[in-house]
file entry-v7.pdb (PDB, C-alpha atoms)
ATOM      1  CA  MET T1009       0.000   0.000   0.000
ATOM      2  CA  PRO T1010       1.481   3.372  -0.964
ATOM      3  CA  TYR T1011       2.414   5.893   1.708
ATOM      4  CA  ASP T1012       0.201   8.771   2.665
ATOM      5  CA  PRO T1013       0.846  11.413  -0.043
ATOM      6  CA  ALA T1014       0.933  14.120   2.623
ATOM      7  CA  MET T1015       3.783  12.320   4.384
ATOM      8  CA  VAL T1016       5.987  11.983   1.319
ATOM      9  CA  LYS T1017       5.196  15.420  -0.119
ATOM     10  CA  PRO T1018       8.018  17.273   1.673
ATOM     11  CA  MET T1019      10.480  14.509   0.761
ATOM     12  CA  LYS T1020       9.482  14.808  -2.880
ATOM     13  CA  GLU T1021       9.716  18.577  -2.713
ATOM     14  CA  GLU T1022      13.303  18.408  -1.493
ATOM     15  CA  LEU T1023      14.140  17.289  -5.028
ATOM     16  CA  THR T1024      11.425  18.879  -7.179
ATOM     17  CA  ARG T1025      12.189  22.355  -5.813
ATOM     18  CA  ILE T1026      15.743  22.082  -7.160
ATOM     19  CA  GLY T1027      14.572  21.085 -10.604
ATOM     20  CA  PHE T1028      13.911  17.346 -10.506
ATOM     21  CA  ARG T1029      11.058  16.226 -12.714
ATOM     22  CA  GLU T1030       8.671  14.069 -10.731
ATOM     23  CA  LEU T1031       7.811  10.854 -12.554
ATOM     24  CA  VAL T1032       4.639   9.262 -11.209
ATOM     25  CA  THR T1033       3.572   6.929 -14.011
ATOM     26  CA  ALA T1034       5.319   4.420 -16.248
ATOM     27  CA  ASP T1035       4.559   6.704 -19.190
ATOM     28  CA  ASP T1036       6.313   9.566 -17.396
ATOM     29  CA  VAL T1037       9.416   7.387 -17.072
ATOM     30  CA  ASP T1038       9.319   6.242 -20.688
ATOM     31  CA  ARG T1039       8.899   9.825 -21.855
ATOM     32  CA  PHE T1040      11.846  10.979 -19.738
ATOM     33  CA  MET T1041      14.054   8.144 -20.927
ATOM     34  CA  GLY T1042      13.028   8.847 -24.513
ATOM     35  CA  GLU T1043      14.280  12.400 -24.107
ATOM     36  CA  ALA T1044      17.448  11.048 -22.480
ATOM     37  CA  LYS T1045      18.508   9.059 -25.541
ATOM     38  CA  THR T1046      21.041  11.780 -26.122
ATOM     39  CA  GLY T1047      23.018  13.567 -23.448
ATOM     40  CA  THR T1048      23.155  12.821 -19.756
ATOM     41  CA  ALA T1049      20.333  12.105 -17.345
ATOM     42  CA  MET T1050      19.989  11.127 -13.724
ATOM     43  CA  ILE T1051      17.133   9.364 -11.967
ATOM     44  CA  VAL T1052      17.011   9.435  -8.183
ATOM     45  CA  VAL T1053      14.908   6.732  -6.554
ATOM     46  CA  ASN T1054      13.659   8.617  -3.523
ATOM     47  CA  SER T1055      12.327   6.909  -0.391
ATOM     48  CA  VAL T1056      11.019   7.615   3.079
ATOM     49  CA  CYS T1057      13.944   5.909   4.806
ATOM     50  CA  GLY T1058      15.652   8.407   7.055
ATOM     51  CA  CYS T1059      18.705   6.164   7.435
ATOM     52  CA  ALA T1060      19.594   6.512   3.754
ATOM     53  CA  ALA T1061      17.314   8.875   1.867
ATOM     54  CA  GLY T1062      17.810  11.438   4.623
ATOM     55  CA  GLY T1063      21.411  11.688   3.398
ATOM     56  CA  ALA T1064      20.739  11.052  -0.266
ATOM     57  CA  ARG T1065      18.520  14.050  -0.905
ATOM     58  CA  PRO T1066      20.854  16.683   0.566
ATOM     59  CA  GLY T1067      23.818  14.859  -0.984
ATOM     60  CA  VAL T1068      22.277  15.061  -4.433
ATOM     61  CA  THR T1069      21.325  18.675  -3.805
ATOM     62  CA  LEU T1070      24.913  19.553  -2.939
ATOM     63  CA  ALA T1071      26.315  17.645  -5.911
ATOM     64  CA  LEU T1072      24.076  19.502  -8.338
ATOM     65  CA  ARG T1073      25.716  22.775  -7.335
ATOM     66  CA  HIS T1074      28.760  21.489  -9.210
ATOM     67  CA  GLU T1075      29.383  23.029 -12.610
ATOM     68  CA  THR T1076      29.405  19.698 -14.409
ATOM     69  CA  LYS T1077      26.183  17.786 -13.928
ATOM     70  CA  PRO T1078      23.518  15.800 -15.775
ATOM     71  CA  GLU T1079      21.454  17.638 -18.334
ATOM     72  CA  ARG T1080      18.207  16.038 -17.218
ATOM     73  CA  ILE T1081      17.213  15.063 -13.708
ATOM     74  CA  ALA T1082      14.138  13.189 -12.576
ATOM     75  CA  THR T1083      12.899  11.285  -9.578
ATOM     76  CA  VAL T1084      10.570   8.438  -8.721
ATOM     77  CA  PHE T1085       9.387   7.703  -5.205
ATOM     78  CA  ALA T1086       9.707   4.084  -4.091
ATOM     79  CA  GLY T1087       6.746   2.787  -2.123
ATOM     80  CA  GLN T1088       4.605   5.675  -3.329
ATOM     81  CA  ASP T1089       4.751   5.901  -7.100
ATOM     82  CA  VAL T1090       4.986   2.159  -7.504
ATOM     83  CA  GLU T1091       4.371   1.935 -11.245
ATOM     84  CA  ALA T1092       6.903   4.616 -12.096
ATOM     85  CA  THR T1093       9.506   3.102  -9.776
ATOM     86  CA  ALA T1094       9.093  -0.332 -11.341
ATOM     87  CA  ARG T1095       9.422   1.115 -14.815
ATOM     88  CA  ALA T1096      12.499   3.123 -13.855
ATOM     89  CA  ARG T1097      14.098  -0.020 -12.436
ATOM     90  CA  GLY T1098      13.479  -1.638 -15.795
ATOM     91  CA  TYR T1099      15.993   0.817 -17.218
ATOM     92  CA  PHE T1100      18.551  -0.177 -14.569
ATOM     93  CA  GLY T1101      19.069  -3.592 -16.185
ATOM     94  CA  ASP T1102      19.961  -6.496 -13.901
ATOM     95  CA  ILE T1103      20.668  -4.352 -10.870
ATOM     96  CA  PRO T1104      18.695  -5.469  -7.800
ATOM     97  CA  PRO T1105      16.087  -2.969  -6.626
ATOM     98  CA  SER T1106      17.032  -0.734  -3.736
ATOM     99  CA  SER T1107      15.960   2.649  -2.492
ATOM    100  CA  PRO T1108      17.178   5.247  -2.282
ATOM    101  CA  ALA T1109      19.373   4.804  -5.316
ATOM    102  CA  ILE T1110      20.871   6.997  -8.018
ATOM    103  CA  ALA T1111      21.220   6.095 -11.692
ATOM    104  CA  LEU T1112      23.194   8.079 -14.234
ATOM    105  CA  PHE T1113      22.648   7.608 -17.959
ATOM    106  CA  ARG T1114      24.615   8.833 -20.916
ATOM    107  CA  ASP T1115      22.967   8.642 -24.345
ATOM    108  CA  GLY T1116      20.327   6.403 -22.835
ATOM    109  CA  ARG T1117      22.843   3.919 -21.447
ATOM    110  CA  LEU T1118      23.319   3.360 -17.723
ATOM    111  CA  VAL T1119      26.873   4.447 -16.918
ATOM    112  CA  HIS T1120      26.814   4.619 -13.124
ATOM    113  CA  PHE T1121      24.607   3.344 -10.352
ATOM    114  CA  VAL T1122      24.689   4.127  -6.653
ATOM    115  CA  PRO T1123      22.770   1.486  -4.705
ATOM    116  CA  ARG T1124      21.303   2.070  -1.288
ATOM    117  CA  HIS T1125      24.166   0.457   0.589
ATOM    118  CA  MET T1126      26.570   3.038  -0.834
ATOM    119  CA  ILE T1127      24.363   5.819   0.549
ATOM    120  CA  GLU T1128      23.225   4.611   3.963
ATOM    121  CA  GLY T1129      25.187   5.811   6.940
ATOM    122  CA  ARG T1130      27.093   8.372   4.871
ATOM    123  CA  ASP T1131      26.712  12.097   5.260
ATOM    124  CA  ALA T1132      25.505  14.415   2.528
ATOM    125  CA  LYS T1133      28.956  15.837   1.788
ATOM    126  CA  THR T1134      30.480  12.414   1.252
ATOM    127  CA  ILE T1135      27.643  11.386  -1.039
ATOM    128  CA  ALA T1136      28.001  14.664  -2.914
ATOM    129  CA  TRP T1137      31.765  14.307  -3.372
ATOM    130  CA  ASP T1138      31.330  10.864  -4.894
ATOM    131  CA  LEU T1139      28.591  12.111  -7.209
ATOM    132  CA  VAL T1140      30.663  15.077  -8.324
ATOM    133  CA  ALA T1141      33.458  12.715  -9.355
ATOM    134  CA  VAL T1142      30.927  10.684 -11.338
ATOM    135  CA  PHE T1143      29.536  13.838 -12.962
ATOM    136  CA  ASP T1144      33.044  14.916 -13.949
ATOM    137  CA  GLU T1145      33.664  11.514 -15.499
ATOM    138  CA  HIS T1146      30.426  11.134 -17.428
ATOM    139  CA  CYS T1147      28.710  14.512 -17.892
ATOM    140  CA  ALA T1148      30.708  16.231 -20.587
ATOM    141  CA  THR T1149      27.952  18.708 -21.381
ATOM    142  CA  LEU T1150      27.716  21.594 -18.972
ATOM    143  CA  LYS T1151      24.283  22.723 -17.907
ATOM    144  CA  LYS T1152      23.628  25.298 -15.243
TER     145      LYS T1152
ATOM    146  CA  MET N 154      13.674  14.032   7.107
ATOM    147  CA  GLY N 155      12.263  10.542   6.956
ATOM    148  CA  THR N 156      11.580   7.600   9.179
ATOM    149  CA  PHE N 157      14.061   6.759  11.939
ATOM    150  CA  HIS N 158      14.076   3.973  14.500
ATOM    151  CA  ALA N 159      16.881   4.817  16.860
ATOM    152  CA  ASP N 160      15.999   2.051  19.310
ATOM    153  CA  SER N 161      16.670  -0.788  16.878
ATOM    154  CA  GLY N 162      20.463  -0.744  17.164
ATOM    155  CA  PRO N 163      23.270   1.202  15.501
ATOM    156  CA  LEU N 164      23.076  -0.860  12.319
ATOM    157  CA  HIS N 165      19.362  -0.302  11.810
ATOM    158  CA  GLY N 166      18.727   0.526   8.165
ATOM    159  CA  ILE N 167      22.250  -0.414   7.120
ATOM    160  CA  THR N 168      22.871  -3.175   4.592
ATOM    161  CA  VAL N 169      25.178  -5.658   6.267
ATOM    162  CA  VAL N 170      27.160  -8.793   5.548
ATOM    163  CA  VAL N 171      26.549 -11.401   8.229
ATOM    164  CA  ASP N 172      29.307 -14.010   8.173
ATOM    165  CA  THR N 173      28.433 -17.217   9.983
ATOM    166  CA  HIS N 174      30.549 -19.937  11.558
ATOM    167  CA  GLY N 175      29.302 -22.224   8.797
ATOM    168  CA  ALA N 176      29.394 -22.014   4.997
ATOM    169  CA  ARG N 177      26.617 -19.451   4.719
ATOM    170  CA  VAL N 178      26.853 -15.691   4.451
ATOM    171  CA  TYR N 179      23.815 -13.440   4.647
ATOM    172  CA  ILE N 180      23.409  -9.997   3.115
ATOM    173  CA  GLY N 181      20.434  -7.844   3.999
ATOM    174  CA  ARG N 182      19.266  -4.628   5.551
ATOM    175  CA  CYS N 183      19.673  -4.791   9.290
ATOM    176  CA  HIS N 184      16.334  -4.156  10.910
ATOM    177  CA  GLU N 185      16.956  -5.039  14.516
ATOM    178  CA  GLU N 186      19.777  -6.327  16.681
ATOM    179  CA  ARG N 187      18.386  -8.468  19.474
ATOM    180  CA  PRO N 188      20.316 -10.375  22.132
ATOM    181  CA  GLU N 189      19.355 -13.691  20.569
ATOM    182  CA  GLU N 190      19.240 -12.837  16.861
ATOM    183  CA  VAL N 191      19.784 -10.245  14.189
ATOM    184  CA  VAL N 192      16.819  -9.494  11.958
ATOM    185  CA  LEU N 193      17.531  -8.700   8.310
ATOM    186  CA  LEU N 194      15.073  -7.382   5.721
ATOM    187  CA  ASP N 195      15.211  -7.896   1.945
ATOM    188  CA  ALA N 196      17.933 -10.474   2.502
ATOM    189  CA  ASP N 197      19.804 -13.017   0.455
ATOM    190  CA  ALA N 198      22.267 -15.734   1.426
ATOM    191  CA  HIS N 199      25.039 -17.627  -0.263
ATOM    192  CA  GLU N 200      26.677 -20.961   0.539
ATOM    193  CA  ASP N 201      30.430 -20.937   0.036
ATOM    194  CA  GLY N 202      31.207 -22.616  -3.286
ATOM    195  CA  ALA N 203      27.625 -22.601  -4.582
ATOM    196  CA  ASP N 204      27.335 -21.735  -8.273
ATOM    197  CA  GLY N 205      31.123 -21.916  -8.459
ATOM    198  CA  CYS N 206      31.376 -18.795  -6.352
ATOM    199  CA  THR N 207      33.097 -18.310  -3.015
ATOM    200  CA  ASN N 208      31.490 -16.249  -0.298
ATOM    201  CA  ALA N 209      34.156 -13.594  -0.837
ATOM    202  CA  GLU N 210      33.327 -13.392  -4.552
ATOM    203  CA  TYR N 211      29.603 -13.256  -3.825
ATOM    204  CA  THR N 212      30.125 -10.488  -1.293
ATOM    205  CA  ARG N 213      32.314  -8.442  -3.633
ATOM    206  CA  ARG N 214      29.700  -8.781  -6.373
ATOM    207  CA  ALA N 215      26.990  -7.698  -3.946
ATOM    208  CA  ALA N 216      29.099  -4.699  -2.971
ATOM    209  CA  ARG N 217      28.794  -3.355  -6.512
ATOM    210  CA  PHE N 218      25.036  -3.357  -6.921
ATOM    211  CA  GLY N 219      23.342  -5.101  -3.993
ATOM    212  CA  VAL N 220      21.479  -8.387  -3.819
ATOM    213  CA  TRP N 221      18.234  -9.833  -5.106
ATOM    214  CA  LYS N 222      16.234 -10.594  -2.006
ATOM    215  CA  ARG N 223      15.384 -14.198  -1.197
ATOM    216  CA  TRP N 224      13.499 -13.315   1.968
ATOM    217  CA  ASP N 225      11.520 -10.256   3.025
ATOM    218  CA  ARG N 226      12.683 -10.972   6.570
ATOM    219  CA  VAL N 227      15.133 -13.418   8.076
ATOM    220  CA  ALA N 228      16.350 -13.806  11.663
ATOM    221  CA  VAL N 229      19.917 -15.034  12.044
ATOM    222  CA  PRO N 230      20.610 -16.586  15.471
ATOM    223  CA  ARG N 231      23.474 -14.896  17.338
ATOM    224  CA  ALA N 232      25.049 -18.300  17.949
ATOM    225  CA  GLU N 233      25.590 -18.692  14.188
ATOM    226  CA  ILE N 234      27.081 -15.236  13.644
ATOM    227  CA  ALA N 235      30.832 -14.855  13.290
ATOM    228  CA  SER N 236      30.842 -11.193  12.275
ATOM    229  CA  ILE N 237      28.688  -8.371  10.990
ATOM    230  CA  ARG N 238      30.064  -5.686   8.682
ATOM    231  CA  ARG N 239      28.659  -3.020   6.435
ATOM    232  CA  LEU N 240      28.298  -4.006   2.793
ATOM    233  CA  GLY N 241      29.283  -0.452   1.903
ATOM    234  CA  ASP N 242      32.704  -1.102   3.474
ATOM    235  CA  VAL N 243      33.398  -4.141   1.283
ATOM    236  CA  SER N 244      35.821  -3.491  -1.548
ATOM    237  CA  GLN N 245      34.239  -3.905  -4.965
ATOM    238  CA  ALA N 246      37.513  -4.629  -6.696
ATOM    239  CA  PRO N 247      37.887  -8.194  -8.036
ATOM    240  CA  ARG N 248      40.858 -10.131  -6.705
TER     241      ARG N 248
END
call {"tool": "encode", "arguments": {"input": "entry-v7.pdb", "output": "structure tokens"}}
result
Amino acid sequence: MPYDPAMVKPMKEELTRIGFRELVTADDVDRFMGEAKTGTAMIVVNSVCGCAAGGARPGVTLALRHETKPERIATVFAGQDVEATARARGYFGDIPPSSPAIALFRDGRLVHFVPRHMIEGRDAKTIAWDLVAVFDEHCATLKK
Amino acid sequence: MGTFHADSGPLHGITVVVDTHGARVYIGRCHEERPEEVVLLDADAHEDGADGCTNAEYTRRAARFGVWKRWDRVAVPRAEIASIRRLGDVSQAPR
């Protein structure tokens, strides 16, 4: 059963207010990934878990202040937007589902994935530093 | 912001590798550390040598992307546990 929308709203807004596109249906995901066939794109699988997502959201927020970053950013909410999350995971290939998680695509191909266990217990700055290194490696196009 | 359960032990919410005194290793999200058992969620296990893979190889593979859960919840008796470590601390580099 999905979470109470009122409970997850502020957790969603932590990302949507900095420019993340909220994907709530499978069609939303397919549309986003269709647009991401060229260039770089990131999908953040958001979640209610304070142990991990509580660090992931501010970590991603910090990382996106970096000059080099993905051209397109979107988010699905695990346990809430179930259909969209399942469809997004379909684009992650054989990677086991976890949330929160972060997927980076270049020209529609998954080039980096941060599973939950690489997020949990880490502070926002550490998560951000790792993401910035990934952005520098894969996001050649600069978008501010 | 989010859900926290501070009374469930310091590893609550952390994905851990539970090495046992036997051939089995468990990987799952630690839910609760009790005196008699450790409860893991979304857990998998591997028997050393199964599928031509040692426990060390299985753990290193899991460290890259995680595991496909075999159980929603599993309780590992303390008497079977040799060590508990964070999966995030396991090196992903193949040896």
call {"tool": "resolve_selection", "arguments": {"input": "entry-v7.pdb", "expression": "the PyMOL selection byres ((chain T and resi 1044) around 8)", "output": "PyMOL selection string"}}
result
chain T and resi 1040-1043+1045-1049+1080+1113-1116
call {"tool": "write_last_selection", "arguments": {"input": "entry-v7.pdb", "atoms": "C-alpha atoms", "output": "compact mmCIF listing (two decimals), keeping the file's coordinate frame"}}
result
# COMPACT_ATOMS: atom_id res chain seq x y z
CA PHE T 1040 11.85 10.98 -19.74
CA MET T 1041 14.05 8.14 -20.93
CA GLY T 1042 13.03 8.85 -24.51
CA GLU T 1043 14.28 12.40 -24.11
CA LYS T 1045 18.51 9.06 -25.54
CA THR T 1046 21.04 11.78 -26.12
CA GLY T 1047 23.02 13.57 -23.45
CA THR T 1048 23.16 12.82 -19.76
CA ALA T 1049 20.33 12.10 -17.34
CA ARG T 1080 18.21 16.04 -17.22
CA PHE T 1113 22.65 7.61 -17.96
CA ARG T 1114 24.62 8.83 -20.92
CA ASP T 1115 22.97 8.64 -24.34
CA GLY T 1116 20.33 6.40 -22.84
call {"tool": "closest_atom_pairs", "arguments": {"input": "entry-v7.pdb", "of": "chain N", "to": "chain T", "cutoff": "12 Å", "atoms": "only C-alpha atoms", "output": "JSON lines"}}
result
{"residue": "N:Met154", "atom": "CA", "partner": "T:Gly1062", "partner_atom": "CA", "distance": 5.5}
{"residue": "N:Gly155", "atom": "CA", "partner": "T:Gly1058", "partner_atom": "CA", "distance": 4.0}
{"residue": "N:Thr156", "atom": "CA", "partner": "T:Gly1058", "partner_atom": "CA", "distance": 4.7}
{"residue": "N:Phe157", "atom": "CA", "partner": "T:Gly1058", "partner_atom": "CA", "distance": 5.4}
{"residue": "N:His158", "atom": "CA", "partner": "T:Cys1059", "partner_atom": "CA", "distance": 8.7}
{"residue": "N:Ala159", "atom": "CA", "partner": "T:Cys1059", "partner_atom": "CA", "distance": 9.7}
{"residue": "N:Ser161", "atom": "CA", "partner": "T:Cys1059", "partner_atom": "CA", "distance": 11.9}
{"residue": "N:Pro163", "atom": "CA", "partner": "T:Gly1129", "partner_atom": "CA", "distance": 9.9}
{"residue": "N:Leu164", "atom": "CA", "partner": "T:Gly1129", "partner_atom": "CA", "distance": 8.8}
{"residue": "N:His165", "atom": "CA", "partner": "T:Cys1059", "partner_atom": "CA", "distance": 7.8}
{"residue": "N:Gly166", "atom": "CA", "partner": "T:Cys1059", "partner_atom": "CA", "distance": 5.7}
{"residue": "N:Ile167", "atom": "CA", "partner": "T:Glu1128", "partner_atom": "CA", "distance": 6.0}
{"residue": "N:Thr168", "atom": "CA", "partner": "T:His1125", "partner_atom": "CA", "distance": 5.6}
{"residue": "N:Val169", "atom": "CA", "partner": "T:His1125", "partner_atom": "CA", "distance": 8.4}
{"residue": "N:Val170", "atom": "CA", "partner": "T:His1125", "partner_atom": "CA", "distance": 10.9}
{"residue": "N:Ile180", "atom": "CA", "partner": "T:His1125", "partner_atom": "CA", "distance": 10.8}
{"residue": "N:Gly181", "atom": "CA", "partner": "T:His1125", "partner_atom": "CA", "distance": 9.7}
{"residue": "N:Arg182", "atom": "CA", "partner": "T:His1125", "partner_atom": "CA", "distance": 8.6}
{"residue": "N:Cys183", "atom": "CA", "partner": "T:His1125", "partner_atom": "CA", "distance": 11.1}
{"residue": "N:His184", "atom": "CA", "partner": "T:Cys1059", "partner_atom": "CA", "distance": 11.1}
{"residue": "N:Leu194", "atom": "CA", "partner": "T:Ser1106", "partner_atom": "CA", "distance": 11.7}
{"residue": "N:Asp195", "atom": "CA", "partner": "T:Ser1106", "partner_atom": "CA", "distance": 9.3}
{"residue": "N:Ala196", "atom": "CA", "partner": "T:Pro1104", "partner_atom": "CA", "distance": 11.5}
{"residue": "N:Asp197", "atom": "CA", "partner": "T:Pro1104", "partner_atom": "CA", "distance": 11.2}
{"residue": "N:Arg214", "atom": "CA", "partner": "T:Ile1103", "partner_atom": "CA", "distance": 11.0}
{"residue": "N:Ala215", "atom": "CA", "partner": "T:Pro1104", "partner_atom": "CA", "distance": 9.4}
{"residue": "N:Ala216", "atom": "CA", "partner": "T:His1125", "partner_atom": "CA", "distance": 8.0}
{"residue": "N:Arg217", "atom": "CA", "partner": "T:Pro1123", "partner_atom": "CA", "distance": 7.9}
{"residue": "N:Phe218", "atom": "CA", "partner": "T:Pro1123", "partner_atom": "CA", "distance": 5.8}
{"residue": "N:Gly219", "atom": "CA", "partner": "T:Pro1104", "partner_atom": "CA", "distance": 6.0}
{"residue": "N:Val220", "atom": "CA", "partner": "T:Pro1104", "partner_atom": "CA", "distance": 5.7}
{"residue": "N:Trp221", "atom": "CA", "partner": "T:Pro1104", "partner_atom": "CA", "distance": 5.1}
{"residue": "N:Lys222", "atom": "CA", "partner": "T:Pro1104", "partner_atom": "CA", "distance": 8.1}
{"residue": "N:Arg223", "atom": "CA", "partner": "T:Pro1104", "partner_atom": "CA", "distance": 11.4}
{"residue": "N:Arg238", "atom": "CA", "partner": "T:His1125", "partner_atom": "CA", "distance": 11.7}
{"residue": "N:Arg239", "atom": "CA", "partner": "T:His1125", "partner_atom": "CA", "distance": 8.2}
{"residue": "N:Leu240", "atom": "CA", "partner": "T:His1125", "partner_atom": "CA", "distance": 6.5}
{"residue": "N:Gly241", "atom": "CA", "partner": "T:Met1126", "partner_atom": "CA", "distance": 5.2}
{"residue": "N:Asp242", "atom": "CA", "partner": "T:Met1126", "partner_atom": "CA", "distance": 8.6}
{"residue": "N:Val243", "atom": "CA", "partner": "T:Met1126", "partner_atom": "CA", "distance": 10.1}
{"residue": "N:Ser244", "atom": "CA", "partner": "T:Met1126", "partner_atom": "CA", "distance": 11.3}
{"residue": "N:Gln245", "atom": "CA", "partner": "T:Met1126", "partner_atom": "CA", "distance": 11.1}
call {"tool": "closest_residue", "arguments": {"input": "entry-v7.pdb", "among": "N:Ala228, N:Ala198, N:Ile234, N:Ala203", "to": "N:Val178", "atoms": "all atoms listed in the file"}}
result
N:Ala198
call {"tool": "closest_residue", "arguments": {"input": "entry-v7.pdb", "among": "N:Val192, N:Val171, N:Cys206, N:Ile237", "to": "N:Trp224", "atoms": "all atoms listed in the file"}}
result
N:Val192
call {"tool": "atom_distance", "arguments": {"input": "entry-v7.pdb", "atom1": "atom CA of T:Val1052", "atom2": "atom CA of T:Val1037"}}
result
11.9 Å
call {"tool": "resolve_selection", "arguments": {"input": "entry-v7.pdb", "expression": "the PyMOL selection byres ((chain T and resi 1074) around 10)", "output": "count of residues only"}}
result
18
call {"tool": "atom_distance", "arguments": {"input": "entry-v7.pdb", "atom1": "atom CA of T:Pro1078", "atom2": "atom CA of T:Ala1111"}}
result
10.8 Å
call {"tool": "resolve_selection", "arguments": {"input": "entry-v7.pdb", "expression": "the PyMOL selection byres ((chain T and resi 1011) around 7)", "output": "MDAnalysis selection string"}}
result
chainID T and resid 1009:1010 1012:1013 1087:1088
call {"tool": "write_last_selection", "arguments": {"input": "entry-v7.pdb", "atoms": "C-alpha atoms", "output": "PDB file, in the frame of the given file"}}
result
ATOM      1  CA  MET T1009       0.000   0.000   0.000  1.00  0.00           C
ATOM      2  CA  PRO T1010       1.481   3.372  -0.964  1.00  0.00           C
ATOM      3  CA  ASP T1012       0.201   8.771   2.665  1.00  0.00           C
ATOM      4  CA  PRO T1013       0.846  11.413  -0.043  1.00  0.00           C
ATOM      5  CA  GLY T1087       6.746   2.787  -2.123  1.00  0.00           C
ATOM      6  CA  GLN T1088       4.605   5.675  -3.329  1.00  0.00           C
TER       7      GLN T1088
END
call {"tool": "atom_distance", "arguments": {"input": "entry-v7.pdb", "atom1": "atom CA of N:Gly162", "atom2": "atom CA of N:Glu185"}}
result
6.1 Å
call {"tool": "residues_around", "arguments": {"input": "entry-v7.pdb", "residues": "T:Ile1081", "least_positions_apart": "5", "cutoff": "6 Å", "atoms": "only C-alpha atoms", "output": "VMD selection string"}}
result
chain T and resid 1028 1049 to 1051
call {"tool": "residues_around", "arguments": {"input": "entry-v7.pdb", "residues": "T:Leu1031", "least_positions_apart": "5", "cutoff": "10 Å", "atoms": "only C-alpha atoms", "output": "MDAnalysis selection string"}}
result
chainID T and resid 1036:1040 1051 1082:1085 1089 1091:1093 1096
call {"tool": "write_last_selection", "arguments": {"input": "entry-v7.pdb", "atoms": "C-alpha atoms", "output": "short mmCIF file (atom, residue, chain, number, x, y, z; two decimals), in the frame of the given file"}}
result
data_model
loop_
_atom_site.label_atom_id
_atom_site.label_comp_id
_atom_site.auth_asym_id
_atom_site.auth_seq_id
_atom_site.Cartn_x
_atom_site.Cartn_y
_atom_site.Cartn_z
CA ASP T 1036 6.31 9.57 -17.40
CA VAL T 1037 9.42 7.39 -17.07
CA ASP T 1038 9.32 6.24 -20.69
CA ARG T 1039 8.90 9.82 -21.86
CA PHE T 1040 11.85 10.98 -19.74
CA ILE T 1051 17.13 9.36 -11.97
CA ALA T 1082 14.14 13.19 -12.58
CA THR T 1083 12.90 11.28 -9.58
CA VAL T 1084 10.57 8.44 -8.72
CA PHE T 1085 9.39 7.70 -5.20
CA ASP T 1089 4.75 5.90 -7.10
CA GLU T 1091 4.37 1.94 -11.24
CA ALA T 1092 6.90 4.62 -12.10
CA THR T 1093 9.51 3.10 -9.78
CA ALA T 1096 12.50 3.12 -13.86
#
